[in-house]
Amino acid sequence: MNKKSLFSYIIVSAILLLTGCNPPVQPTISIAPTSITLNLDETYALQATISPDNGNTPITWESSNMDVATVDAEGVVTAKEAGTTTIIATIADAEPAKCVVTVVDNTIVMLTDTLELFVDDTYQLVAKLPACDTTAQLIWTSETPEVANVDENGLVTVKAEGTAIITASAEGLKSAQCIIVATQIQSSFPRKYLIEHFTGDQCGYCPSGMFSMVEYIQQTSTPCIWVSHHHGYNQDEYTIPESAKIASACGVSGAPNMAMNRTKIMGTAIAFHPGYLVEDGMAETIADKCDTTAEASVMIDHTYDAATKQLHVTVSGLVANTNVEEYLLTVIIKENGLIGKQADYYYSWKEKGYKEFMHPCVARDVISTSQLGDTVKVTNHRYSQSYTYTIADKWVPENCCVVAYITPLNKKPVINAEETPLIAGTTGGAEYLPFAIAENETPTNATKLSFTEVELEKPSNDKLNVKLIASKSTRSDFYGPLKMVINLEFNTTNSSIPVGTYEFAEGNEVNTFSAGTVDYATQSFGASLMQYRQASDLTSVRHTWRIKSGSVTVNEDGSIVAEGKIDNGKNFAFTYTPAQ
């Protein structure tokens with residue numbers, strides 16, 4: 001070292017010695033440990049070390065993935081979901097410190113977390129172990145075993161009404177729970193009777209039998225589900241193959257015939273002539289034999305896509321009897337308001353031939369695989385079966401209903417039945433039934449059956465033919481627009497009709513008004529019928545109903561006042577004034 005350099009060194013050293021200054025030290029931060037593994041919801045307090053530490057250096061904590069784990073201002077980490085994140089601790093003028101946090105899911109998963117069960121039900125709970133420990137031994141417990149207990153395998157048995165919490169736990173794992181709400185199942189359910197009606201368009205007495213059924217339903221208010229099978233006389237345009245097996249099950253060999261829940265109500269036969277329904281005192285006797293409760297319920301849940309005509313239907317129900325393991329379930333599509341021919345001798349004034357007739361509740365197809373029912377198993381007092389079906393193009397969806405009923409495995413009797421309109425918000429064609437028999441309520445579009453406006457024709461020659469157009473409302477179908485008409489025909493040897501009041505009655509003698517038949521004998525009054533007729537052609541009969549009660553009054557001035565009730569339950573009234 002030369003003299004000049006030595007002198008400079010001495011000067012700098014002297015200055016430093018005189019001022020007392022040391023060179024600055026760079027701070028550092030570290031975290032211990034640098035990696036941890038946590039379970040869900042577990043917390044861990046990380047420790048950060050600062051060197052040199054003056055005691056007041058602020059630390060900033062953050063997580064690279066807060067979905068996996070969060071960290072607070074004190075360095076406490078909370079595990080949120082399975083995955084990996086990095087916890088970072090930062091101070092000024094230093095490299096950040098890091099800790100890798102791995103979160104594992106150690107939660108036991110209960111596949112069912114809430115259950116509604118009935119007393120005496122059993123249910124197998126299933127709990128899934130987490131991936132972090134698939135060999136752990138599950139421990140099953142019940143907080144209230146007097147309500148529902150559970151065995152070592154997770155099988156729950158309901159003992160009494162109340163609420164029970166079933167827990168599945170294991171050492172080192174987060175437990176899972178299932179809440180059991182237990183109730184006592186009702187001992188019975190409201191019953192609807194299935195009326196299976198066997199008819200045919202070549203059966204002249206079938207309309208009479210049908211109206212007997214309707215009259216019974218109105219008189220007794222028996223809750224009924226009505227299905228008409230065009231089988232039992234001869235096949236016709238509405239006959240479906242499935243009806244043959246149903247008719248055989250009911251012992252049907254002719255028509256008109258019917259069965260109520262496939263039960264022996266009339267003597268020893270399941271099927272019987274519907275005329276018995278309205279014999280004196282018989283309606284009440286039969287009604288007394290009809291149980292109002294059933295051991296099982298029937299519920300229909302369905303959706304219908306009008307664009308694709310696809311029907312998805314699920315039929316389910318509750319069963320009070322714990323001894324029953326299986327039932328047979330039958331699901332049918334029926335259609336109302338089908339207009340077709342009918343050999344109707346009695347209602348067509350004893351004229352042998354075919355008339356157009358409105359056929360109600362026609363079985364269109366059987367949705368279930370078997371005509372006599374698909375087997376459905378009862379589990380914990382419940383059964384359920386689902387179907388997918390395509391509605392035929394020629395059917396009118398607004399007039400269709402889904403019908404479901406259950407029977408024992410021996411196919412009889414029918415235990416319970418239910419129906420619902422195919423299209424929600426419609427009547428399913430109930431307005432075209434002979435009666436609006438659904439709880440005797442008037443259909444929404446009852447104007448189609450109302451008697452509000454009349455047009456009367458003048459008599460011709462010595463016969464007085466009175467035609468009453470009962471409604472100007474129309475309905476379009478393949479036969480064209482329809483209106484309803486009442487025909488009153490009075491046959492006398494003279495051009496005048498004796499003054500007086502004539503009660504409507506069946507089988508009355510000469511000079512009385514006979515309802516339902518025509519007698520062309522001298523000085524007798526003829527039949528009284530309400531008929532569907534095409535508006536443009538009043539001779540084209542569409543549907544016939546008899547006048548059941550009422551009267552006709554003939555006044556001295558030749559005017560006629562008629563009032564009464566027809567078979568479909570509707571009232572009518574009008575006045576005829578002859579031309580001067």
# chains A, B, ... in the order shown; residues from 1 in each chain; ligands from 1
>>> residues_around(residues="stretch 286-288 of chain A", least_positions_apart="5", cutoff="8 Å", atoms="only C-alpha atoms", output="PyMOL selection string")
chain A and resi 220+222+265-266+277
>>> select_by_dssp(residues="stretch 107-327 of chain A", states="helix (DSSP H, G or I)", output="ChimeraX atom specification")
/A:206-220,242-250,274-278,282-289
>>> atom_distance(atom1="atom CA of A:Glu295", atom2="atom CA of A:Asn323")
11.1 Å
>>> residues_around(residues="A:Met66", least_positions_apart="6", cutoff="10 Å", atoms="only C-alpha atoms", output="MDAnalysis selection string")
chainID A and resid 78:81 84:87
>>> select_by_dssp(residues="stretch 26-154 of chain A", states="strand (DSSP E or B)", output="ChimeraX atom specification")
/A:28-32,35-39,43-45,47-51,60-63,69-71,76-79,83-90,97-104,107,109-110,114-118,122-124,127-128,139-142,148-150
>>> residues_around(residues="A:Arg191", least_positions_apart="2", cutoff="8 Å", atoms="only C-alpha atoms", output="ChimeraX atom specification")
/A:189,193,223,291-294,297,415-417
>>> residues_around(residues="stretch 309-318 of chain A", least_positions_apart="4", cutoff="6 Å", atoms="only C-alpha atoms", output="PyMOL selection string")
chain A and resi 296-305+381-391
>>> closest_residue(among="A:Glu242, A:Asp105, A:Glu503, A:Glu215", to="A:Ser175", atoms="only C-alpha atoms")
A:Asp105
